file start.cif (mmCIF, N, CA and C atoms)
data_upload
#
loop_
_atom_site.label_atom_id
_atom_site.label_comp_id
_atom_site.auth_asym_id
_atom_site.auth_seq_id
_atom_site.Cartn_x
_atom_site.Cartn_y
_atom_site.Cartn_z
N MET E 1 -34.68 10.06 -18.95
CA MET E 1 -35.18 8.91 -19.68
C MET E 1 -36.46 8.37 -19.04
N GLU E 2 -36.52 8.39 -17.71
CA GLU E 2 -37.72 7.89 -17.04
C GLU E 2 -38.93 8.75 -17.40
N LEU E 3 -38.73 10.06 -17.46
CA LEU E 3 -39.83 10.95 -17.84
C LEU E 3 -40.30 10.65 -19.26
N LEU E 4 -39.37 10.50 -20.18
CA LEU E 4 -39.74 10.24 -21.57
C LEU E 4 -40.38 8.86 -21.73
N ASN E 5 -39.90 7.86 -20.98
CA ASN E 5 -40.52 6.53 -21.04
C ASN E 5 -41.96 6.58 -20.52
N THR E 6 -42.19 7.34 -19.46
CA THR E 6 -43.55 7.48 -18.93
C THR E 6 -44.45 8.22 -19.91
N VAL E 7 -43.91 9.24 -20.54
CA VAL E 7 -44.69 9.99 -21.55
C VAL E 7 -45.04 9.09 -22.72
N ALA E 8 -44.12 8.22 -23.12
CA ALA E 8 -44.38 7.33 -24.24
C ALA E 8 -45.51 6.34 -23.93
N LYS E 9 -45.63 5.93 -22.67
CA LYS E 9 -46.67 4.98 -22.28
C LYS E 9 -48.02 5.66 -22.04
N HIS E 10 -47.99 6.98 -21.86
CA HIS E 10 -49.19 7.74 -21.51
C HIS E 10 -50.16 7.79 -22.70
N THR E 11 -51.44 7.58 -22.41
CA THR E 11 -52.45 7.68 -23.46
C THR E 11 -53.18 9.01 -23.35
N GLN E 12 -53.52 9.57 -24.49
CA GLN E 12 -54.22 10.85 -24.52
C GLN E 12 -55.71 10.61 -24.71
N ARG E 13 -56.45 10.79 -23.63
CA ARG E 13 -57.89 10.60 -23.71
C ARG E 13 -58.66 11.91 -23.66
N SER E 14 -58.04 12.95 -23.09
CA SER E 14 -58.75 14.21 -22.95
C SER E 14 -57.80 15.38 -23.19
N VAL E 15 -58.34 16.57 -23.11
CA VAL E 15 -57.55 17.77 -23.28
C VAL E 15 -56.54 17.89 -22.14
N GLN E 16 -56.93 17.49 -20.93
CA GLN E 16 -56.03 17.54 -19.79
C GLN E 16 -54.84 16.60 -19.99
N ASP E 17 -55.09 15.41 -20.55
CA ASP E 17 -54.02 14.47 -20.83
C ASP E 17 -53.01 15.08 -21.80
N ARG E 18 -53.52 15.73 -22.83
CA ARG E 18 -52.63 16.36 -23.81
C ARG E 18 -51.83 17.49 -23.16
N SER E 19 -52.45 18.23 -22.27
CA SER E 19 -51.77 19.32 -21.58
C SER E 19 -50.65 18.80 -20.68
N VAL E 20 -50.91 17.71 -19.98
CA VAL E 20 -49.88 17.10 -19.12
C VAL E 20 -48.72 16.59 -19.96
N MET E 21 -49.02 15.96 -21.08
CA MET E 21 -47.97 15.45 -21.95
C MET E 21 -47.14 16.60 -22.53
N HIS E 22 -47.80 17.68 -22.91
CA HIS E 22 -47.10 18.83 -23.47
C HIS E 22 -46.16 19.44 -22.43
N GLU E 23 -46.63 19.55 -21.18
CA GLU E 23 -45.79 20.10 -20.11
C GLU E 23 -44.58 19.19 -19.84
N ALA E 24 -44.80 17.89 -19.86
CA ALA E 24 -43.69 16.95 -19.65
C ALA E 24 -42.66 17.07 -20.76
N LEU E 25 -43.11 17.22 -22.00
CA LEU E 25 -42.18 17.39 -23.11
C LEU E 25 -41.43 18.72 -23.02
N ASP E 26 -42.12 19.78 -22.57
CA ASP E 26 -41.45 21.06 -22.35
C ASP E 26 -40.32 20.91 -21.33
N ILE E 27 -40.59 20.19 -20.25
CA ILE E 27 -39.59 19.99 -19.20
C ILE E 27 -38.40 19.18 -19.75
N ALA E 28 -38.70 18.14 -20.50
CA ALA E 28 -37.62 17.31 -21.06
C ALA E 28 -36.75 18.11 -22.02
N VAL E 29 -37.36 18.90 -22.89
CA VAL E 29 -36.60 19.70 -23.85
C VAL E 29 -35.76 20.74 -23.12
N MET E 30 -36.34 21.37 -22.10
CA MET E 30 -35.59 22.39 -21.36
C MET E 30 -34.42 21.76 -20.59
N ALA E 31 -34.63 20.57 -20.03
CA ALA E 31 -33.56 19.90 -19.29
C ALA E 31 -32.41 19.48 -20.21
N LEU E 32 -32.73 19.16 -21.44
CA LEU E 32 -31.71 18.74 -22.40
C LEU E 32 -31.02 19.92 -23.10
N SER E 33 -31.56 21.11 -22.96
CA SER E 33 -31.04 22.26 -23.71
C SER E 33 -29.57 22.59 -23.44
N PRO E 34 -29.04 22.44 -22.21
CA PRO E 34 -27.60 22.72 -22.06
C PRO E 34 -26.71 21.70 -22.77
N ILE E 35 -27.22 20.50 -23.00
CA ILE E 35 -26.40 19.44 -23.60
C ILE E 35 -26.46 19.50 -25.13
N VAL E 36 -27.66 19.64 -25.68
CA VAL E 36 -27.84 19.68 -27.13
C VAL E 36 -28.68 20.91 -27.50
N PRO E 37 -28.07 22.08 -27.49
CA PRO E 37 -28.84 23.31 -27.66
C PRO E 37 -29.51 23.47 -29.02
N HIS E 38 -28.86 23.04 -30.09
CA HIS E 38 -29.44 23.25 -31.42
C HIS E 38 -30.67 22.37 -31.64
N VAL E 39 -30.58 21.12 -31.23
CA VAL E 39 -31.70 20.21 -31.40
C VAL E 39 -32.88 20.64 -30.53
N THR E 40 -32.59 21.00 -29.29
CA THR E 40 -33.69 21.39 -28.39
C THR E 40 -34.32 22.71 -28.83
N HIS E 41 -33.56 23.59 -29.45
CA HIS E 41 -34.15 24.82 -29.98
C HIS E 41 -35.20 24.49 -31.05
N ALA E 42 -34.86 23.56 -31.92
CA ALA E 42 -35.82 23.15 -32.96
C ALA E 42 -37.03 22.44 -32.34
N LEU E 43 -36.78 21.59 -31.36
CA LEU E 43 -37.90 20.89 -30.70
C LEU E 43 -38.81 21.88 -29.96
N TRP E 44 -38.21 22.90 -29.37
CA TRP E 44 -38.98 23.92 -28.65
C TRP E 44 -39.93 24.63 -29.61
N ARG E 45 -39.45 24.92 -30.80
CA ARG E 45 -40.30 25.55 -31.82
C ARG E 45 -41.41 24.60 -32.26
N GLU E 46 -41.08 23.31 -32.42
CA GLU E 46 -42.08 22.32 -32.82
C GLU E 46 -43.16 22.14 -31.76
N LEU E 47 -42.81 22.39 -30.49
CA LEU E 47 -43.80 22.30 -29.42
C LEU E 47 -44.74 23.50 -29.40
N GLY E 48 -44.49 24.47 -30.28
CA GLY E 48 -45.42 25.58 -30.44
C GLY E 48 -45.05 26.85 -29.71
N HIS E 49 -43.84 26.97 -29.23
CA HIS E 49 -43.41 28.18 -28.52
C HIS E 49 -42.90 29.21 -29.53
N ALA E 50 -43.27 30.47 -29.29
CA ALA E 50 -42.87 31.52 -30.21
C ALA E 50 -41.49 32.08 -29.88
N THR E 51 -41.10 32.02 -28.62
CA THR E 51 -39.80 32.56 -28.22
C THR E 51 -38.72 31.49 -28.33
N ALA E 52 -37.47 31.94 -28.37
CA ALA E 52 -36.35 31.01 -28.43
C ALA E 52 -36.16 30.36 -27.05
N LEU E 53 -35.73 29.13 -27.05
CA LEU E 53 -35.54 28.39 -25.81
C LEU E 53 -34.49 29.05 -24.92
N ILE E 54 -33.47 29.61 -25.53
CA ILE E 54 -32.40 30.24 -24.75
C ILE E 54 -32.90 31.48 -23.99
N ASP E 55 -33.98 32.08 -24.46
CA ASP E 55 -34.54 33.27 -23.80
C ASP E 55 -35.54 32.92 -22.70
N GLU E 56 -35.88 31.65 -22.58
CA GLU E 56 -36.86 31.23 -21.57
C GLU E 56 -36.20 31.11 -20.20
N PRO E 57 -36.89 31.53 -19.15
CA PRO E 57 -36.33 31.33 -17.80
C PRO E 57 -36.43 29.86 -17.42
N TRP E 58 -35.49 29.41 -16.59
CA TRP E 58 -35.49 28.03 -16.13
C TRP E 58 -36.72 27.81 -15.27
N MET E 59 -37.36 26.68 -15.40
CA MET E 59 -38.58 26.39 -14.66
C MET E 59 -38.28 26.30 -13.16
N THR E 60 -39.24 26.78 -12.36
CA THR E 60 -39.08 26.72 -10.90
C THR E 60 -40.05 25.72 -10.32
N VAL E 61 -39.74 25.26 -9.13
CA VAL E 61 -40.57 24.28 -8.44
C VAL E 61 -41.73 24.99 -7.76
N ASP E 62 -42.91 24.41 -7.90
CA ASP E 62 -44.09 24.92 -7.21
C ASP E 62 -44.16 24.23 -5.85
N ALA E 63 -43.82 24.95 -4.79
CA ALA E 63 -43.74 24.37 -3.45
C ALA E 63 -45.10 23.87 -2.97
N VAL E 64 -46.16 24.51 -3.39
CA VAL E 64 -47.50 24.10 -2.97
C VAL E 64 -47.84 22.72 -3.54
N ALA E 65 -47.38 22.44 -4.74
CA ALA E 65 -47.67 21.15 -5.37
C ALA E 65 -46.92 20.01 -4.68
N LEU E 66 -45.84 20.30 -3.99
CA LEU E 66 -45.06 19.27 -3.32
C LEU E 66 -45.61 18.89 -1.95
N GLU E 67 -46.50 19.71 -1.40
CA GLU E 67 -47.06 19.43 -0.09
C GLU E 67 -48.06 18.28 -0.18
N THR E 68 -47.97 17.37 0.80
CA THR E 68 -48.89 16.25 0.83
C THR E 68 -49.64 16.24 2.15
N SER E 69 -50.83 15.71 2.14
CA SER E 69 -51.62 15.63 3.36
C SER E 69 -51.41 14.32 4.09
N THR E 70 -50.89 13.31 3.39
CA THR E 70 -50.63 12.02 4.03
C THR E 70 -49.20 11.59 3.73
N ILE E 71 -48.66 10.76 4.62
CA ILE E 71 -47.34 10.19 4.41
C ILE E 71 -47.42 8.69 4.61
N GLU E 72 -46.49 7.97 4.02
CA GLU E 72 -46.44 6.53 4.16
C GLU E 72 -45.32 6.17 5.12
N LEU E 73 -45.65 5.38 6.12
CA LEU E 73 -44.66 4.91 7.09
C LEU E 73 -44.44 3.42 6.91
N VAL E 74 -43.21 3.00 7.08
CA VAL E 74 -42.86 1.59 7.08
C VAL E 74 -43.06 1.08 8.49
N VAL E 75 -43.68 -0.08 8.62
CA VAL E 75 -43.88 -0.69 9.93
C VAL E 75 -43.06 -1.97 9.99
N GLN E 76 -42.22 -2.06 11.01
CA GLN E 76 -41.38 -3.23 11.22
C GLN E 76 -41.81 -3.92 12.51
N VAL E 77 -41.70 -5.23 12.52
CA VAL E 77 -41.89 -6.01 13.74
C VAL E 77 -40.56 -6.73 13.97
N ASN E 78 -39.92 -6.41 15.08
CA ASN E 78 -38.60 -6.94 15.40
C ASN E 78 -37.59 -6.69 14.27
N GLY E 79 -37.67 -5.52 13.65
CA GLY E 79 -36.71 -5.13 12.64
C GLY E 79 -36.98 -5.63 11.23
N LYS E 80 -38.07 -6.36 11.05
CA LYS E 80 -38.40 -6.88 9.72
C LYS E 80 -39.63 -6.17 9.18
N LEU E 81 -39.58 -5.78 7.93
CA LEU E 81 -40.69 -5.07 7.29
C LEU E 81 -41.93 -5.94 7.27
N ARG E 82 -43.02 -5.42 7.81
CA ARG E 82 -44.27 -6.17 7.86
C ARG E 82 -45.44 -5.43 7.24
N ALA E 83 -45.37 -4.09 7.15
CA ALA E 83 -46.50 -3.34 6.60
C ALA E 83 -46.06 -1.94 6.20
N ARG E 84 -46.92 -1.30 5.46
CA ARG E 84 -46.79 0.12 5.13
C ARG E 84 -48.14 0.75 5.43
N ILE E 85 -48.12 1.86 6.18
CA ILE E 85 -49.37 2.52 6.55
C ILE E 85 -49.34 3.96 6.08
N CYS E 86 -50.51 4.49 5.80
CA CYS E 86 -50.64 5.90 5.43
C CYS E 86 -51.33 6.62 6.58
N ILE E 87 -50.71 7.70 7.04
CA ILE E 87 -51.29 8.51 8.11
C ILE E 87 -51.22 9.97 7.69
N ALA E 88 -51.91 10.83 8.43
CA ALA E 88 -51.87 12.26 8.16
C ALA E 88 -50.46 12.78 8.36
N ALA E 89 -50.05 13.72 7.54
CA ALA E 89 -48.69 14.25 7.60
C ALA E 89 -48.41 14.94 8.93
N ASP E 90 -49.43 15.49 9.55
CA ASP E 90 -49.22 16.19 10.81
C ASP E 90 -49.56 15.33 12.03
N ALA E 91 -49.68 14.03 11.85
CA ALA E 91 -50.02 13.12 12.96
C ALA E 91 -48.84 13.02 13.93
N ASP E 92 -49.16 12.87 15.21
CA ASP E 92 -48.12 12.75 16.22
C ASP E 92 -47.68 11.29 16.37
N GLU E 93 -46.72 11.05 17.27
CA GLU E 93 -46.18 9.71 17.46
C GLU E 93 -47.24 8.73 17.96
N GLY E 94 -48.14 9.21 18.80
CA GLY E 94 -49.21 8.34 19.32
C GLY E 94 -50.11 7.82 18.22
N ALA E 95 -50.46 8.69 17.28
CA ALA E 95 -51.32 8.28 16.17
C ALA E 95 -50.59 7.28 15.27
N ALA E 96 -49.30 7.49 15.05
CA ALA E 96 -48.52 6.56 14.23
C ALA E 96 -48.42 5.21 14.92
N ARG E 97 -48.22 5.22 16.23
CA ARG E 97 -48.13 3.98 17.00
C ARG E 97 -49.45 3.21 16.94
N GLU E 98 -50.58 3.91 17.13
CA GLU E 98 -51.90 3.26 17.08
C GLU E 98 -52.19 2.68 15.71
N ALA E 99 -51.89 3.44 14.66
CA ALA E 99 -52.15 2.96 13.29
C ALA E 99 -51.29 1.75 12.97
N ALA E 100 -50.05 1.74 13.44
CA ALA E 100 -49.16 0.61 13.18
C ALA E 100 -49.65 -0.64 13.89
N LEU E 101 -50.04 -0.50 15.14
CA LEU E 101 -50.50 -1.65 15.92
C LEU E 101 -51.86 -2.16 15.44
N ALA E 102 -52.63 -1.30 14.77
CA ALA E 102 -53.95 -1.70 14.28
C ALA E 102 -53.89 -2.43 12.94
N ASP E 103 -52.76 -2.36 12.25
CA ASP E 103 -52.63 -3.01 10.96
C ASP E 103 -52.75 -4.53 11.11
N PRO E 104 -53.59 -5.18 10.27
CA PRO E 104 -53.79 -6.63 10.41
C PRO E 104 -52.52 -7.47 10.24
N ASN E 105 -51.65 -7.07 9.33
CA ASN E 105 -50.43 -7.83 9.12
C ASN E 105 -49.49 -7.71 10.32
N VAL E 106 -49.45 -6.54 10.94
CA VAL E 106 -48.64 -6.35 12.14
C VAL E 106 -49.21 -7.19 13.28
N GLN E 107 -50.53 -7.18 13.41
CA GLN E 107 -51.17 -7.98 14.47
C GLN E 107 -50.88 -9.46 14.29
N LYS E 108 -50.80 -9.90 13.05
CA LYS E 108 -50.51 -11.31 12.78
C LYS E 108 -49.12 -11.68 13.30
N PHE E 109 -48.14 -10.79 13.11
CA PHE E 109 -46.78 -11.10 13.54
C PHE E 109 -46.55 -10.82 15.03
N VAL E 110 -47.33 -9.93 15.61
CA VAL E 110 -47.23 -9.69 17.05
C VAL E 110 -47.90 -10.83 17.79
N GLY E 111 -49.06 -11.23 17.31
CA GLY E 111 -49.80 -12.34 17.92
C GLY E 111 -50.15 -12.06 19.36
N ALA E 112 -49.99 -13.04 20.21
CA ALA E 112 -50.34 -12.91 21.62
C ALA E 112 -49.16 -12.39 22.45
N ALA E 113 -48.02 -12.17 21.82
CA ALA E 113 -46.84 -11.70 22.55
C ALA E 113 -47.05 -10.28 23.04
N ALA E 114 -46.43 -9.97 24.15
CA ALA E 114 -46.52 -8.62 24.71
C ALA E 114 -45.59 -7.68 23.94
N VAL E 115 -46.09 -6.50 23.66
CA VAL E 115 -45.28 -5.49 22.98
C VAL E 115 -44.38 -4.85 24.02
N ARG E 116 -43.06 -5.02 23.86
CA ARG E 116 -42.11 -4.47 24.83
C ARG E 116 -41.81 -3.01 24.56
N LYS E 117 -41.73 -2.64 23.29
CA LYS E 117 -41.33 -1.28 22.95
C LYS E 117 -41.83 -0.94 21.56
N VAL E 118 -42.19 0.31 21.36
CA VAL E 118 -42.56 0.81 20.04
C VAL E 118 -41.69 2.03 19.76
N ILE E 119 -40.87 1.93 18.73
CA ILE E 119 -39.97 3.02 18.36
C ILE E 119 -40.54 3.71 17.13
N VAL E 120 -40.74 5.02 17.25
CA VAL E 120 -41.30 5.80 16.14
C VAL E 120 -40.25 6.79 15.66
N VAL E 121 -39.89 6.69 14.40
CA VAL E 121 -39.02 7.67 13.76
C VAL E 121 -39.97 8.54 12.91
N PRO E 122 -40.22 9.78 13.34
CA PRO E 122 -41.22 10.61 12.66
C PRO E 122 -40.98 10.73 11.15
N GLY E 123 -42.04 10.47 10.39
CA GLY E 123 -41.99 10.60 8.95
C GLY E 123 -41.32 9.45 8.22
N LYS E 124 -40.83 8.43 8.96
CA LYS E 124 -40.11 7.34 8.30
C LYS E 124 -40.65 5.97 8.66
N LEU E 125 -40.58 5.59 9.94
CA LEU E 125 -40.94 4.23 10.27
C LEU E 125 -41.44 4.09 11.69
N VAL E 126 -42.07 2.94 11.93
CA VAL E 126 -42.49 2.51 13.26
C VAL E 126 -41.95 1.10 13.43
N ASN E 127 -41.19 0.87 14.51
CA ASN E 127 -40.63 -0.45 14.79
C ASN E 127 -41.26 -0.97 16.07
N VAL E 128 -41.91 -2.12 15.97
CA VAL E 128 -42.56 -2.76 17.12
C VAL E 128 -41.64 -3.88 17.59
N VAL E 129 -41.27 -3.83 18.87
CA VAL E 129 -40.41 -4.85 19.45
C VAL E 129 -41.26 -5.71 20.38
N VAL E 130 -41.28 -7.03 20.10
CA VAL E 130 -42.04 -7.96 20.95
C VAL E 130 -41.11 -8.93 21.63
#
call {"tool": "encode", "arguments": {"input": "start.cif", "output": "structure tokens"}}
result
Amino acid sequence: MELLNTVAKHTQRSVQDRSVMHEALDIAVMALSPIVPHVTHALWRELGHATALIDEPWMTVDAVALETSTIELVVQVNGKLRARICIAADADEGAAREAALADPNVQKFVGAAAVRKVIVVPGKLVNVVV
């Protein structure tokens, strides 16, 4: 339903937009095919496919498309959420610690207090204890 709601809100301004919408509809029809095979067969034909939906292989995930160059980390000060930072996916703990301490909102809550400990959970969060 979320996919179809997003497709309904999507505007078609270019050929690429239409291509993205068509691919999303293909995915939705294929995902629904085990539940309502007769309806999805007709929808598959309406989407312009020449072969029967039942003869189509199930779509596979493109692992390259899932790779990201940056990740978002949650920054907490004394256990309370204070910021979200984006760093390189391959950044080490030191880089995450520096980026968290450099964030203006974190600096506001740390203030002049001494930082006692910085806990870094790789890929998830940075907790600053003051």
call {"tool": "axis_aligned_box", "arguments": {"input": "start.cif", "around": "range 83-88 of chain E", "padding_each_side": "3 Å", "output": "lines of an AutoDock Vina configuration file"}}
result
center_x = -48.6
center_y = 4.3
center_z = 6.8
size_x = 12.5
size_y = 22.9
size_z = 9.3
call {"tool": "closest_residue", "arguments": {"input": "start.cif", "among": "E:Asp26, E:Ala96, E:Ser19, E:Val121", "to": "Trp44 in chain E", "atoms": "all atoms listed in the file"}}
result
E:Asp26
call {"tool": "atom_distance", "arguments": {"input": "start.cif", "atom1": "CA of Met21 in chain E", "atom2": "CA of Leu4 in chain E"}}
result
9.7 Å
call {"tool": "resolve_selection", "arguments": {"input": "start.cif", "expression": "the PyMOL selection byres ((chain E and resi 102-116) around 6.5)", "output": "list of chain:residue names"}}
result
E:Arg82, E:Ala83, E:Arg97, E:Glu98, E:Ala99, E:Ala100, E:Leu101, E:Lys117, E:Val118, E:Val129, E:Val130
call {"tool": "select_by_dssp", "arguments": {"input": "start.cif", "residues": "chain E", "states": "alpha helix (DSSP H)", "output": "JSON, numbers by chain"}}
result
{"E": [2, 3, 4, 5, 6, 7, 8, 9, 15, 16, 17, 18, 19, 20, 21, 22, 23, 24, 25, 26, 27, 28, 29, 30, 31, 32, 37, 38, 39, 40, 41, 42, 43, 44, 45, 46, 63, 64, 65, 66, 93, 94, 95, 96, 97, 98, 99, 100, 101, 102, 104, 105, 106, 107, 108, 109, 110]}
call {"tool": "resolve_selection", "arguments": {"input": "start.cif", "expression": "the PyMOL selection byres ((chain E and resi 72-81) around 5)", "output": "MDAnalysis selection string"}}
result
chainID E and resid 70:71 82:86 124:129
call {"tool": "write_last_selection", "arguments": {"input": "start.cif", "atoms": "N, CA and C atoms", "output": "mmCIF file, in the coordinates of the input"}}
result
data_model
loop_
_atom_site.group_PDB
_atom_site.id
_atom_site.type_symbol
_atom_site.label_atom_id
_atom_site.label_comp_id
_atom_site.auth_asym_id
_atom_site.auth_seq_id
_atom_site.Cartn_x
_atom_site.Cartn_y
_atom_site.Cartn_z
ATOM 1 N N THR E 70 -50.890 13.310 3.390
ATOM 2 C CA THR E 70 -50.630 12.020 4.030
ATOM 3 C C THR E 70 -49.200 11.590 3.730
ATOM 4 N N ILE E 71 -48.660 10.760 4.620
ATOM 5 C CA ILE E 71 -47.340 10.190 4.410
ATOM 6 C C ILE E 71 -47.420 8.690 4.610
ATOM 7 N N ARG E 82 -43.020 -5.420 7.810
ATOM 8 C CA ARG E 82 -44.270 -6.170 7.860
ATOM 9 C C ARG E 82 -45.440 -5.430 7.240
ATOM 10 N N ALA E 83 -45.370 -4.090 7.150
ATOM 11 C CA ALA E 83 -46.500 -3.340 6.600
ATOM 12 C C ALA E 83 -46.060 -1.940 6.200
ATOM 13 N N ARG E 84 -46.920 -1.300 5.460
ATOM 14 C CA ARG E 84 -46.790 0.120 5.130
ATOM 15 C C ARG E 84 -48.140 0.750 5.430
ATOM 16 N N ILE E 85 -48.120 1.860 6.180
ATOM 17 C CA ILE E 85 -49.370 2.520 6.550
ATOM 18 C C ILE E 85 -49.340 3.960 6.080
ATOM 19 N N CYS E 86 -50.510 4.490 5.800
ATOM 20 C CA CYS E 86 -50.640 5.900 5.430
ATOM 21 C C CYS E 86 -51.330 6.620 6.580
ATOM 22 N N LYS E 124 -40.830 8.430 8.960
ATOM 23 C CA LYS E 124 -40.110 7.340 8.300
ATOM 24 C C LYS E 124 -40.650 5.970 8.660
ATOM 25 N N LEU E 125 -40.580 5.590 9.940
ATOM 26 C CA LEU E 125 -40.940 4.230 10.270
ATOM 27 C C LEU E 125 -41.440 4.090 11.690
ATOM 28 N N VAL E 126 -42.070 2.940 11.930
ATOM 29 C CA VAL E 126 -42.490 2.510 13.260
ATOM 30 C C VAL E 126 -41.950 1.100 13.430
ATOM 31 N N ASN E 127 -41.190 0.870 14.510
ATOM 32 C CA ASN E 127 -40.630 -0.450 14.790
ATOM 33 C C ASN E 127 -41.260 -0.970 16.070
ATOM 34 N N VAL E 128 -41.910 -2.120 15.970
ATOM 35 C CA VAL E 128 -42.560 -2.760 17.120
ATOM 36 C C VAL E 128 -41.640 -3.880 17.590
ATOM 37 N N VAL E 129 -41.270 -3.830 18.870
ATOM 38 C CA VAL E 129 -40.410 -4.850 19.450
ATOM 39 C C VAL E 129 -41.260 -5.710 20.380
#
call {"tool": "build_atoms", "arguments": {"input": "start.cif", "residues": "range 117-124 of chain E", "atoms": "all heavy atoms", "output": "compact mmCIF listing (two decimals), keeping the file's coordinate frame"}}
result
# COMPACT_ATOMS: atom_id res chain seq x y z
N LYS E 117 -41.73 -2.64 23.29
CA LYS E 117 -41.33 -1.28 22.95
C LYS E 117 -41.83 -0.94 21.56
O LYS E 117 -41.88 -1.80 20.68
CB LYS E 117 -39.81 -1.19 23.00
CG LYS E 117 -39.23 0.18 22.96
CD LYS E 117 -37.71 0.07 23.08
CE LYS E 117 -37.12 1.35 23.58
NZ LYS E 117 -35.66 1.26 23.68
N VAL E 118 -42.19 0.31 21.36
CA VAL E 118 -42.56 0.81 20.04
C VAL E 118 -41.69 2.03 19.76
O VAL E 118 -41.76 3.02 20.49
CB VAL E 118 -44.05 1.18 19.95
CG1 VAL E 118 -44.37 1.75 18.59
CG2 VAL E 118 -44.92 -0.02 20.24
N ILE E 119 -40.87 1.93 18.73
CA ILE E 119 -39.97 3.02 18.36
C ILE E 119 -40.54 3.71 17.13
O ILE E 119 -40.80 3.07 16.12
CB ILE E 119 -38.56 2.48 18.05
CG1 ILE E 119 -38.02 1.72 19.27
CG2 ILE E 119 -37.62 3.60 17.64
CD1 ILE E 119 -36.81 0.88 18.95
N VAL E 120 -40.74 5.02 17.25
CA VAL E 120 -41.30 5.80 16.14
C VAL E 120 -40.25 6.79 15.66
O VAL E 120 -39.77 7.61 16.44
CB VAL E 120 -42.58 6.55 16.58
CG1 VAL E 120 -43.11 7.38 15.43
CG2 VAL E 120 -43.63 5.59 17.08
N VAL E 121 -39.89 6.69 14.40
CA VAL E 121 -39.02 7.67 13.76
C VAL E 121 -39.97 8.54 12.91
O VAL E 121 -40.49 8.07 11.89
CB VAL E 121 -37.95 7.01 12.88
CG1 VAL E 121 -37.09 8.07 12.20
CG2 VAL E 121 -37.09 6.06 13.70
N PRO E 122 -40.22 9.78 13.34
CA PRO E 122 -41.22 10.61 12.66
C PRO E 122 -40.98 10.73 11.15
O PRO E 122 -39.88 11.02 10.71
CB PRO E 122 -41.08 11.98 13.35
CG PRO E 122 -40.48 11.67 14.68
CD PRO E 122 -39.59 10.49 14.45
N GLY E 123 -42.04 10.47 10.39
CA GLY E 123 -41.99 10.60 8.95
C GLY E 123 -41.32 9.45 8.22
O GLY E 123 -41.25 9.46 7.00
N LYS E 124 -40.83 8.43 8.96
CA LYS E 124 -40.11 7.34 8.30
C LYS E 124 -40.65 5.97 8.66
O LYS E 124 -41.10 5.24 7.79
CB LYS E 124 -38.63 7.41 8.62
CG LYS E 124 -37.97 8.65 8.09
CD LYS E 124 -36.47 8.54 8.16
CE LYS E 124 -35.84 9.81 7.70
NZ LYS E 124 -35.56 9.87 6.33
